[in-house]
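Okay, query-v1.cif now, which holds mmCIF, C-alpha atoms and all ligand atoms:
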```cif
data_target
#
loop_
_atom_site.group_PDB
_atom_site.id
_atom_site.type_symbol
_atom_site.label_atom_id
_atom_site.label_comp_id
_atom_site.auth_asym_id
_atom_site.auth_seq_id
_atom_site.Cartn_x
_atom_site.Cartn_y
_atom_site.Cartn_z
ATOM 1 C CA MET E 1 89.363 121.117 98.453
ATOM 2 C CA SER E 2 90.984 119.648 95.368
ATOM 3 C CA PHE E 3 94.522 120.685 94.519
ATOM 4 C CA ALA E 4 93.242 122.240 91.271
ATOM 5 C CA ALA E 5 90.828 124.412 93.278
ATOM 6 C CA GLU E 6 93.654 125.315 95.660
ATOM 7 C CA VAL E 7 95.758 126.529 92.720
ATOM 8 C CA ARG E 8 92.818 128.388 91.134
ATOM 9 C CA ASN E 9 91.902 130.127 94.378
ATOM 10 C CA GLU E 10 95.458 131.224 94.920
ATOM 11 C CA LEU E 11 95.850 132.503 91.359
ATOM 12 C CA ALA E 12 92.466 134.248 91.475
ATOM 13 C CA ARG E 13 93.594 136.348 94.426
ATOM 14 C CA ILE E 14 96.549 137.832 92.565
ATOM 15 C CA ILE E 15 95.648 141.254 91.199
ATOM 16 C CA PRO E 16 98.581 142.519 89.108
ATOM 17 C CA ASP E 17 99.902 145.967 89.982
ATOM 18 C CA LYS E 18 100.599 146.892 86.384
ATOM 19 C CA GLU E 19 97.769 147.746 84.028
ATOM 20 C CA CYS E 20 99.491 145.938 81.133
ATOM 21 C CA CYS E 21 99.368 142.672 83.103
ATOM 22 C CA ARG E 22 95.755 143.134 84.173
ATOM 23 C CA LYS E 23 94.800 143.576 80.518
ATOM 24 C CA ALA E 24 96.822 140.530 79.489
ATOM 25 C CA GLU E 25 95.097 138.379 82.087
ATOM 26 C CA LEU E 26 91.624 139.580 81.116
ATOM 27 C CA HIS E 27 92.485 138.968 77.475
ATOM 28 C CA ALA E 28 93.406 135.358 78.292
ATOM 29 C CA ILE E 29 90.141 134.790 80.148
ATOM 30 C CA PHE E 30 88.051 136.471 77.424
ATOM 31 C CA ILE E 31 89.419 134.546 74.472
ATOM 32 C CA THR E 32 88.817 131.243 76.276
ATOM 33 C CA SER E 33 85.623 131.867 78.280
ATOM 34 C CA GLY E 34 84.113 135.047 76.887
ATOM 35 C CA GLN E 35 81.347 135.921 74.447
ATOM 36 C CA GLU E 36 80.129 139.175 72.987
ATOM 37 C CA PHE E 37 76.645 140.033 71.745
ATOM 38 C CA THR E 38 75.378 143.051 69.849
ATOM 39 C CA MET E 39 72.317 144.554 71.519
ATOM 40 C CA PRO E 40 69.826 147.149 70.347
ATOM 41 C CA ASN E 41 70.648 150.845 70.947
ATOM 42 C CA GLU E 42 74.286 150.326 69.958
ATOM 43 C CA GLU E 43 75.023 148.470 73.125
ATOM 44 C CA TYR E 44 77.065 145.329 73.557
ATOM 45 C CA LEU E 45 76.749 142.556 76.056
ATOM 46 C CA LEU E 46 79.957 141.077 77.323
ATOM 47 C CA LEU E 47 79.560 137.669 78.900
ATOM 48 C CA VAL E 48 82.212 135.555 80.653
ATOM 49 C CA LYS E 49 81.452 132.149 82.148
ATOM 50 C CA VAL E 50 83.818 130.528 84.618
ATOM 51 C CA GLU E 51 83.607 127.590 87.010
ATOM 52 C CA ASN E 52 85.261 129.126 90.030
ATOM 53 C CA ALA E 53 83.814 131.783 92.339
ATOM 54 C CA ALA E 54 87.164 133.405 93.049
ATOM 55 C CA THR E 55 87.854 133.680 89.314
ATOM 56 C CA ALA E 56 84.448 135.296 88.794
ATOM 57 C CA ARG E 57 85.263 137.859 91.484
ATOM 58 C CA LYS E 58 88.606 138.484 89.841
ATOM 59 C CA VAL E 59 87.095 139.161 86.410
ATOM 60 C CA PHE E 60 84.621 141.546 88.061
ATOM 61 C CA GLN E 61 87.431 143.369 89.856
ATOM 62 C CA LEU E 62 89.787 143.517 86.866
ATOM 63 C CA LEU E 63 87.029 144.962 84.664
ATOM 64 C CA LYS E 64 86.261 147.625 87.220
ATOM 65 C CA GLN E 65 89.842 148.513 88.028
ATOM 66 C CA THR E 66 91.161 148.485 84.476
ATOM 67 C CA TYR E 67 88.211 149.636 82.341
ATOM 68 C CA HIS E 68 85.800 151.129 84.891
ATOM 69 C CA VAL E 69 83.195 148.690 83.687
ATOM 70 C CA GLN E 70 80.575 147.708 86.252
ATOM 71 C CA ALA E 71 79.733 144.039 85.722
ATOM 72 C CA THR E 72 77.199 141.727 87.350
ATOM 73 C CA VAL E 73 78.083 138.283 88.710
ATOM 74 C CA GLU E 74 75.450 135.566 88.760
ATOM 75 C CA ILE E 75 75.463 131.882 89.646
ATOM 76 C CA ASP E 76 74.272 129.880 86.688
ATOM 77 C CA ASN E 77 71.401 127.771 87.972
ATOM 78 C CA LYS E 78 70.208 126.457 84.658
ATOM 79 C CA LYS E 79 72.439 123.409 84.562
ATOM 80 C CA ARG E 80 71.418 122.010 87.886
ATOM 81 C CA PHE E 81 72.410 118.476 86.985
ATOM 82 C CA LYS E 82 75.969 119.401 86.300
ATOM 83 C CA LYS E 83 78.329 118.852 89.184
ATOM 84 C CA THR E 84 80.214 122.075 88.632
ATOM 85 C CA ARG E 85 78.646 125.441 89.246
ATOM 86 C CA ARG E 86 79.110 128.116 86.688
ATOM 87 C CA TYR E 87 79.388 131.814 87.277
ATOM 88 C CA SER E 88 78.365 134.378 84.690
ATOM 89 C CA ILE E 89 79.942 137.790 84.636
ATOM 90 C CA SER E 90 78.044 140.132 82.350
ATOM 91 C CA ALA E 91 78.388 143.788 81.473
ATOM 92 C CA LEU E 92 76.545 146.096 79.107
ATOM 93 C CA LEU E 93 79.003 148.233 77.197
ATOM 94 C CA ASP E 94 78.230 151.411 75.292
ATOM 95 C CA ALA E 95 79.938 152.118 71.984
ATOM 96 C CA GLU E 96 82.864 153.873 73.610
ATOM 97 C CA GLN E 97 83.534 151.147 76.168
ATOM 98 C CA LYS E 98 83.179 148.574 73.442
ATOM 99 C CA LYS E 99 85.882 150.363 71.440
ATOM 100 C CA GLU E 100 88.165 150.362 74.427
ATOM 101 C CA LEU E 101 87.688 146.673 74.912
ATOM 102 C CA ALA E 102 87.838 145.842 71.222
ATOM 103 C CA ASP E 103 91.383 144.550 71.385
ATOM 104 C CA PHE E 104 90.345 141.907 73.805
ATOM 105 C CA LYS E 105 88.199 139.541 71.960
ATOM 106 C CA MET E 106 88.910 138.645 68.409
ATOM 107 C CA PRO E 107 86.780 136.411 66.253
ATOM 108 C CA LEU E 108 87.870 132.908 67.134
ATOM 109 C CA ASN E 109 88.321 131.878 63.520
ATOM 110 C CA ALA E 110 90.945 134.562 62.934
ATOM 111 C CA LYS E 111 94.644 133.842 62.753
ATOM 112 C CA ASN E 112 96.749 134.937 65.704
ATOM 113 C CA ILE E 113 94.036 134.665 68.281
ATOM 114 C CA ILE E 114 96.368 135.786 71.004
ATOM 115 C CA ASN E 115 96.691 139.516 70.480
ATOM 116 C CA ARG E 116 100.439 140.155 70.588
ATOM 117 C CA THR E 117 99.950 143.569 72.148
ATOM 118 C CA TRP E 118 99.113 141.845 75.395
ATOM 119 C CA VAL E 119 101.909 139.293 75.451
ATOM 120 C CA SER E 120 104.916 141.285 74.275
ATOM 121 C CA LYS E 121 106.386 141.744 77.751
ATOM 122 C CA ASN E 122 107.493 139.007 80.111
ATOM 123 C CA CYS E 123 105.358 140.293 83.001
ATOM 124 C CA CYS E 124 102.275 140.197 80.765
ATOM 125 C CA ARG E 125 103.044 136.700 79.456
ATOM 126 C CA LYS E 126 103.037 135.442 83.028
ATOM 127 C CA ALA E 127 99.712 137.166 83.693
ATOM 128 C CA PHE E 128 98.346 135.707 80.457
ATOM 129 C CA LEU E 129 99.281 132.146 81.470
ATOM 130 C CA ARG E 130 97.655 132.732 84.841
ATOM 131 C CA GLY E 131 94.456 133.855 83.099
ATOM 132 C CA ILE E 132 94.526 130.829 80.802
ATOM 133 C CA PHE E 133 94.876 128.470 83.750
ATOM 134 C CA LEU E 134 92.056 130.192 85.656
ATOM 135 C CA SER E 135 89.834 129.891 82.639
ATOM 136 C CA ARG E 136 90.698 126.423 81.293
ATOM 137 C CA GLY E 137 93.334 124.850 83.497
ATOM 138 C CA PHE E 138 93.379 121.686 85.534
ATOM 139 C CA ILE E 139 96.102 120.141 87.694
ATOM 140 C CA SER E 140 96.153 116.720 89.400
ATOM 141 C CA LYS E 141 97.037 116.509 93.049
ATOM 142 C CA PRO E 142 100.747 115.723 93.349
ATOM 143 C CA GLU E 143 99.988 112.680 95.543
ATOM 144 C CA SER E 144 98.579 110.873 92.507
ATOM 145 C CA ASN E 145 100.297 111.671 89.223
ATOM 146 C CA TYR E 146 101.981 114.723 87.787
ATOM 147 C CA HIS E 147 99.639 116.283 85.288
ATOM 148 C CA LEU E 148 98.726 119.811 84.276
ATOM 149 C CA GLU E 149 96.441 120.601 81.384
ATOM 150 C CA ILE E 150 94.672 123.388 79.546
ATOM 151 C CA VAL E 151 91.500 122.365 77.714
ATOM 152 C CA LEU E 152 90.732 124.332 74.558
ATOM 153 C CA ASN E 153 88.414 124.032 71.606
ATOM 154 C CA ASN E 154 90.458 125.861 69.019
ATOM 155 C CA ASP E 155 93.560 124.364 67.424
ATOM 156 C CA GLU E 156 94.993 127.700 66.337
ATOM 157 C CA LEU E 157 94.848 128.918 69.921
ATOM 158 C CA ALA E 158 96.309 125.615 71.129
ATOM 159 C CA SER E 159 99.409 125.924 68.953
ATOM 160 C CA GLU E 160 99.842 129.624 69.819
ATOM 161 C CA LEU E 161 99.655 128.715 73.473
ATOM 162 C CA VAL E 162 102.252 125.956 73.118
ATOM 163 C CA LYS E 163 104.564 128.587 71.596
ATOM 164 C CA LEU E 164 103.895 130.929 74.493
ATOM 165 C CA PHE E 165 104.668 128.105 76.944
ATOM 166 C CA SER E 166 107.972 127.520 75.177
ATOM 167 C CA LYS E 167 109.022 131.128 75.861
ATOM 168 C CA PHE E 168 109.297 129.973 79.482
ATOM 169 C CA ASN E 169 110.999 126.703 78.485
ATOM 170 C CA LEU E 170 107.802 124.823 79.214
ATOM 171 C CA HIS E 171 107.450 121.959 76.752
ATOM 172 C CA ALA E 172 103.736 121.353 76.519
ATOM 173 C CA ARG E 173 102.215 118.751 74.229
ATOM 174 C CA ILE E 174 98.850 118.727 72.481
ATOM 175 C CA VAL E 175 96.443 115.824 72.395
ATOM 176 C CA GLN E 176 92.915 115.572 70.992
ATOM 177 C CA ARG E 177 90.271 114.486 73.488
ATOM 178 C CA LYS E 178 86.789 114.079 72.056
ATOM 179 C CA GLN E 179 85.925 117.471 70.542
ATOM 180 C CA GLN E 180 88.579 119.265 72.524
ATOM 181 C CA LEU E 181 92.274 119.940 72.376
ATOM 182 C CA VAL E 182 94.284 119.428 75.497
ATOM 183 C CA ILE E 183 97.652 121.018 76.143
ATOM 184 C CA TYR E 184 99.427 119.125 78.854
ATOM 185 C CA ILE E 185 102.619 118.859 80.883
ATOM 186 C CA LYS E 186 103.621 115.652 82.685
ATOM 187 C CA GLU E 187 107.104 116.428 83.994
ATOM 188 C CA SER E 188 107.006 117.430 87.662
ATOM 189 C CA GLU E 189 109.857 119.954 87.225
ATOM 190 C CA GLN E 190 107.919 121.681 84.467
ATOM 191 C CA ILE E 191 104.736 121.796 86.528
ATOM 192 C CA VAL E 192 106.726 123.409 89.340
ATOM 193 C CA ASP E 193 108.005 125.970 86.822
ATOM 194 C CA PHE E 194 104.475 126.675 85.621
ATOM 195 C CA LEU E 195 103.213 127.241 89.182
ATOM 196 C CA ARG E 196 106.138 129.565 89.814
ATOM 197 C CA ILE E 197 105.527 131.546 86.612
ATOM 198 C CA ALA E 198 101.795 131.861 87.296
ATOM 199 C CA GLY E 199 102.513 132.964 90.875
ATOM 200 C CA ALA E 200 100.983 130.082 92.852
ATOM 201 C CA SER E 201 103.698 130.044 95.511
ATOM 202 C CA LYS E 202 101.679 128.340 98.255
ATOM 203 C CA ALA E 203 100.493 125.565 95.962
ATOM 204 C CA LEU E 204 104.056 125.241 94.687
ATOM 205 C CA LEU E 205 105.288 124.606 98.232
ATOM 206 C CA HIS E 206 102.635 121.946 98.763
ATOM 207 C CA PHE E 207 103.553 120.344 95.415
ATOM 208 C CA GLU E 208 107.279 120.348 96.238
ATOM 209 C CA ASN E 209 106.718 118.798 99.686
ATOM 210 C CA ILE E 210 104.785 115.911 98.201
ATOM 211 C CA ARG E 211 107.349 115.531 95.437
ATOM 212 C CA ILE E 212 110.186 115.235 97.982
ATOM 213 C CA LEU E 213 108.193 112.735 100.077
ATOM 214 C CA LYS E 214 107.485 110.626 96.993
ATOM 215 C CA SER E 215 111.080 110.604 95.861
ATOM 216 C CA MET E 216 112.245 109.655 99.379
ATOM 217 C CA ARG E 217 109.753 106.797 99.435
ATOM 218 C CA ASN E 218 111.076 105.610 96.077
ATOM 219 C CA THR E 219 114.651 105.659 97.341
ATOM 220 C CA VAL E 220 113.717 103.652 100.446
ATOM 221 C CA ASN E 221 111.811 101.139 98.309
ATOM 222 C CA ARG E 222 114.795 100.768 96.022
ATOM 223 C CA GLN E 223 117.079 100.130 99.007
ATOM 224 C CA VAL E 224 114.689 97.564 100.492
ATOM 225 C CA ASN E 225 114.417 95.822 97.117
ATOM 226 C CA CYS E 226 118.175 95.773 96.836
ATOM 227 C CA GLU E 227 118.611 94.309 100.334
ATOM 228 C CA THR E 228 115.942 91.702 99.642
ATOM 229 C CA ALA E 229 117.736 90.735 96.433
ATOM 230 C CA ASN E 230 121.028 90.366 98.289
ATOM 231 C CA LEU E 231 119.406 88.260 100.979
ATOM 232 C CA ALA E 232 117.824 86.025 98.351
ATOM 233 C CA LYS E 233 121.237 85.542 96.736
ATOM 234 C CA THR E 234 122.812 84.621 100.102
ATOM 235 C CA ILE E 235 120.098 82.055 100.830
ATOM 236 C CA GLU E 236 120.331 80.598 97.337
ATOM 237 C CA ALA E 237 124.093 80.146 97.730
ATOM 238 C CA ALA E 238 123.729 78.570 101.180
ATOM 239 C CA VAL E 239 121.147 76.083 99.891
ATOM 240 C CA ARG E 240 123.421 75.124 96.988
ATOM 241 C CA GLN E 241 126.426 74.721 99.288
ATOM 242 C CA ILE E 242 124.489 72.586 101.760
ATOM 243 C CA GLU E 243 123.248 70.295 98.961
ATOM 244 C CA LEU E 244 126.795 69.755 97.752
ATOM 245 C CA VAL E 245 128.123 69.068 101.244
ATOM 246 C CA GLU E 246 125.272 66.622 101.903
ATOM 247 C CA LYS E 247 126.092 64.746 98.696
ATOM 248 C CA LEU E 248 129.729 64.544 99.816
ATOM 249 C CA SER E 249 128.566 63.247 103.171
ATOM 250 C CA VAL E 250 126.380 60.566 101.538
ATOM 251 C CA ASN E 251 129.338 59.491 99.419
ATOM 252 C CA GLU E 252 131.552 59.515 102.533
ATOM 253 C CA GLU E 253 133.855 61.942 100.826
ATOM 254 C CA LEU E 254 133.969 64.574 103.582
ATOM 255 C CA GLY E 255 137.069 62.971 105.052
ATOM 256 C CA SER E 256 138.987 63.440 101.820
ATOM 257 C CA LEU E 257 138.785 67.220 102.171
ATOM 258 C CA THR E 258 141.740 69.115 103.533
ATOM 259 C CA ALA E 259 141.690 72.028 105.998
ATOM 260 C CA PRO E 260 140.055 74.414 106.058
ATOM 261 C CA LEU E 261 137.572 72.984 103.496
ATOM 262 C CA ASN E 262 136.479 70.154 105.795
ATOM 263 C CA GLU E 263 135.833 72.544 108.663
ATOM 264 C CA ILE E 264 133.905 74.978 106.390
ATOM 265 C CA ALA E 265 131.806 72.053 105.100
ATOM 266 C CA GLN E 266 130.933 70.950 108.664
ATOM 267 C CA LEU E 267 130.047 74.491 109.729
ATOM 268 C CA ARG E 268 127.915 75.026 106.619
ATOM 269 C CA ILE E 269 125.783 71.992 107.515
ATOM 270 C CA SER E 270 125.585 72.907 111.215
ATOM 271 C CA TYR E 271 124.740 76.573 110.629
ATOM 272 C CA PRO E 272 122.642 76.784 107.447
ATOM 273 C CA ASP E 273 121.512 80.354 108.228
ATOM 274 C CA ALA E 274 124.957 81.773 108.912
ATOM 275 C CA THR E 275 126.500 84.252 106.514
ATOM 276 C CA LEU E 276 129.990 83.732 105.138
ATOM 277 C CA LYS E 277 131.241 86.367 107.567
ATOM 278 C CA GLU E 278 129.739 84.482 110.516
ATOM 279 C CA LEU E 279 131.172 81.183 109.291
ATOM 280 C CA GLY E 280 134.571 82.851 109.054
ATOM 281 C CA GLU E 281 134.405 83.943 112.701
ATOM 282 C CA MET E 282 133.665 80.358 113.811
ATOM 283 C CA LEU E 283 136.732 78.921 112.066
ATOM 284 C CA THR E 284 140.008 78.251 113.869
ATOM 285 C CA PRO E 285 141.907 80.309 113.005
ATOM 286 C CA PRO E 286 139.159 82.781 111.956
ATOM 287 C CA LEU E 287 138.910 83.859 108.322
ATOM 288 C CA SER E 288 137.643 87.033 106.711
ATOM 289 C CA LYS E 289 134.437 87.012 104.656
ATOM 290 C CA SER E 290 136.392 87.113 101.405
ATOM 291 C CA GLY E 291 138.629 84.329 102.734
ATOM 292 C CA VAL E 292 135.611 82.112 103.401
ATOM 293 C CA ALA E 293 134.149 83.019 99.986
ATOM 294 C CA TYR E 294 137.391 81.924 98.325
ATOM 295 C CA HIS E 295 137.447 78.593 100.164
ATOM 296 C CA MET E 296 133.717 78.121 99.580
ATOM 297 C CA ARG E 297 134.331 78.403 95.834
ATOM 298 C CA ARG E 298 137.152 75.866 96.152
ATOM 299 C CA LEU E 299 134.877 73.602 98.196
ATOM 300 C CA GLU E 300 132.115 73.817 95.590
ATOM 301 C CA LYS E 301 134.559 73.095 92.788
ATOM 302 C CA ARG E 302 136.115 70.174 94.678
ATOM 303 C CA ALA E 303 132.689 68.778 95.590
ATOM 304 C CA ARG E 304 131.568 68.851 91.928
ATOM 305 C CA GLU E 305 134.767 67.018 90.926
ATOM 306 C CA ILE E 306 134.352 64.364 93.596
ATOM 307 C CA ILE E 307 130.648 63.858 92.944
ATOM 308 C CA GLY E 308 131.198 63.814 89.201
ATOM 309 C CA HIS E 309 134.014 61.303 89.696
ATOM 310 C CA GLY E 310 131.924 59.179 92.077
ATOM 311 C CA ARG E 311 129.147 58.873 89.525
ATOM 312 C CA LYS E 312 131.417 57.549 86.796
HETATM 313 ZN ZN ZN E 401 102.748 143.493 82.155
#
```
Give the structure from the file, written as structure tokens.
Ligand SMILES: [Zn+2]
Amino acid sequence: MSFAAEVRNELARIIPDKECCRKAELHAIFITSGQEFTMPNEEYLLLVKVENAATARKVFQLLKQTYHVQATVEIDNKKRFKKTRRYSISALLDAEQKKELADFKMPLNAKNIINRTWVSKNCCRKAFLRGIFLSRGFISKPESNYHLEIVLNNDELASELVKLFSKFNLHARIVQRKQQLVIYIKESEQIVDFLRIAGASKALLHFENIRILKSMRNTVNRQVNCETANLAKTIEAAVRQIELVEKLSVNEELGSLTAPLNEIAQLRISYPDATLKELGEMLTPPLSKSGVAYHMRRLEKRAREIIGHGRK
């Protein structure tokens, strides 16, 4: 199962205790996935289409529990070539039921699409965000990249939603993709916050585990890179030192060096792989790593002088 489906299934199983929250969540699903048709005999057809079975069950249950509306759930078989299945939840409402549900769906061209009645309390805002994700949300698996998005087709709704996100300190951005508007979050911390707010605690745990693993792997990689860089530097220095000593040897200048430079020069040639610390231990008397480094610098300086002089 994809991580997005994992999150959706978890969120779909949450049935809020409070009526205000149940209404807020239904409102979110209706304004993004719902339609309303006027039928003969003063009846109205309410239609909600979602892509997830658990979400369909949730809409059915919320309608029944909150408004005593008996809906029907059907699998949409018309679009057989589409990869994703769609579920239709439909209900015939009489005039009275329609009045009760009137606050839910507003014409989509109206200003303030999100009815403030349903998002005035913090508990309801959380439920609303959960409904929005169930209806239009997508999240990448944390193993790949950090990405959460809400796909909408109404710019007024998009900007209202960004404002609602910001009430939870979630800084979502909007981007146009083909005919649609996408609200997205890329920061892993913010995605964690969103999952927490929406109530997806199991998915959150999974996300956090992967995030910790990834950050540990990055730290190890950084350390390995750092060690490799140090090793490369050591080898580079050894090669340079050996070249200088060999030039001295060719020019028969090794004998002109004083202790301990002559001994360090001999050891450098004999043990090309040895570190400065190891060279220091072989000297009589032994020298510390920094001691060898000091003399090595002197040796290099002296060698350049001699060689430079010899060439004149
Ligand atoms: Zn509430």
Where does segment 123-161 of chain E meet segment 11-35 of chain E within 9 Å, residue by residue, with the nearest atom pair and distance in Å to one decimal for each, counting all atoms listed in the file, listed by chain and rising number, as JSON lines?
```
{"residue": "E:Cys123", "atom": "CA", "partner": "E:Cys21", "partner_atom": "CA", "distance": 6.4}
{"residue": "E:Cys124", "atom": "CA", "partner": "E:Cys21", "partner_atom": "CA", "distance": 4.5}
{"residue": "E:Arg125", "atom": "CA", "partner": "E:Ala24", "partner_atom": "CA", "distance": 7.3}
{"residue": "E:Lys126", "atom": "CA", "partner": "E:Cys21", "partner_atom": "CA", "distance": 8.1}
{"residue": "E:Ala127", "atom": "CA", "partner": "E:Glu25", "partner_atom": "CA", "distance": 5.0}
{"residue": "E:Phe128", "atom": "CA", "partner": "E:Glu25", "partner_atom": "CA", "distance": 4.5}
{"residue": "E:Leu129", "atom": "CA", "partner": "E:Ala28", "partner_atom": "CA", "distance": 7.4}
{"residue": "E:Arg130", "atom": "CA", "partner": "E:Leu11", "partner_atom": "CA", "distance": 6.8}
{"residue": "E:Gly131", "atom": "CA", "partner": "E:Glu25", "partner_atom": "CA", "distance": 4.7}
{"residue": "E:Ile132", "atom": "CA", "partner": "E:Ala28", "partner_atom": "CA", "distance": 5.3}
{"residue": "E:Phe133", "atom": "CA", "partner": "E:Leu11", "partner_atom": "CA", "distance": 8.7}
{"residue": "E:Leu134", "atom": "CA", "partner": "E:Ala12", "partner_atom": "CA", "distance": 7.1}
{"residue": "E:Ser135", "atom": "CA", "partner": "E:Ile29", "partner_atom": "CA", "distance": 5.5}
{"residue": "E:Arg136", "atom": "CA", "partner": "E:Thr32", "partner_atom": "CA", "distance": 7.2}
{"residue": "E:Leu152", "atom": "CA", "partner": "E:Thr32", "partner_atom": "CA", "distance": 7.4}
{"residue": "E:Asn153", "atom": "CA", "partner": "E:Thr32", "partner_atom": "CA", "distance": 8.6}
```
Explicit residue set for the PyMOL selection byres (((chain E and resi 289) around 6) and not hetatm), as number ranges by chain: E: 276-277, 288, 290-292
Given the PyMOL selection byres (((chain E and resi 159) around 10) and not hetatm), the residues it picks as a PyMOL selection string: chain E and resi 112+154-158+160-165+172-174+181+183
Which residues match the PyMOL selection byres (((chain E and resi 257-271) around 9) and not hetatm) in the file above, as a PDB file with C-alpha atoms, keeping the file's coordinate frame?
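What follows is the written file part-v7.pdb:
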```pdb
ATOM      1  CA  ALA E 238     123.729  78.570 101.180  1.00  0.00           C
ATOM      2  CA  GLN E 241     126.426  74.721  99.288  1.00  0.00           C
ATOM      3  CA  ILE E 242     124.489  72.586 101.760  1.00  0.00           C
ATOM      4  CA  VAL E 245     128.123  69.068 101.244  1.00  0.00           C
ATOM      5  CA  GLU E 246     125.272  66.622 101.903  1.00  0.00           C
ATOM      6  CA  GLU E 253     133.855  61.942 100.826  1.00  0.00           C
ATOM      7  CA  LEU E 254     133.969  64.574 103.582  1.00  0.00           C
ATOM      8  CA  GLY E 255     137.069  62.971 105.052  1.00  0.00           C
ATOM      9  CA  SER E 256     138.987  63.440 101.820  1.00  0.00           C
ATOM     10  CA  PRO E 272     122.642  76.784 107.447  1.00  0.00           C
ATOM     11  CA  ASP E 273     121.512  80.354 108.228  1.00  0.00           C
ATOM     12  CA  ALA E 274     124.957  81.773 108.912  1.00  0.00           C
ATOM     13  CA  THR E 275     126.500  84.252 106.514  1.00  0.00           C
ATOM     14  CA  LEU E 279     131.172  81.183 109.291  1.00  0.00           C
ATOM     15  CA  GLY E 280     134.571  82.851 109.054  1.00  0.00           C
ATOM     16  CA  MET E 282     133.665  80.358 113.811  1.00  0.00           C
ATOM     17  CA  LEU E 283     136.732  78.921 112.066  1.00  0.00           C
ATOM     18  CA  THR E 284     140.008  78.251 113.869  1.00  0.00           C
ATOM     19  CA  VAL E 292     135.611  82.112 103.401  1.00  0.00           C
ATOM     20  CA  HIS E 295     137.447  78.593 100.164  1.00  0.00           C
ATOM     21  CA  MET E 296     133.717  78.121  99.580  1.00  0.00           C
ATOM     22  CA  ARG E 298     137.152  75.866  96.152  1.00  0.00           C
ATOM     23  CA  LEU E 299     134.877  73.602  98.196  1.00  0.00           C
ATOM     24  CA  ARG E 302     136.115  70.174  94.678  1.00  0.00           C
TER      25      ARG E 302
END
```
Contact residues around Lys49 of chain E with only C-alpha atoms at 8 Å, ignoring same-chain residues under 4 positions, as a list of chain:residue names: E:Ser33, E:Gly34, E:Ala56, E:Arg86, E:Tyr87, E:Ser88, E:Ile89
For ligand ZN 401 (chain E), the nearest of the candidates E:Thr234, E:Thr117, E:Gln180, E:Asn221, counting all atoms listed in the file: E:Thr117
Contacts of Asn169 of chain E at 9 Å (all atoms listed in the file; same-chain gap of 3+ positions) as a list in words: Phe165, Ser166, Gln190 and Asp193 of chain E
Expected residue set, 9 Å radius at (79.0, 151.3, 72.1), all atoms listed in the file, as a VMD selection string: chain E and resid 41 to 44 93 to 99
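Proximity to ligand ZN 401 (chain E) was assessed for E:His147, E:Arg240, E:Trp118, E:Met216 counting all atoms listed in the file; the smallest distance is recorded for E:Trp118.
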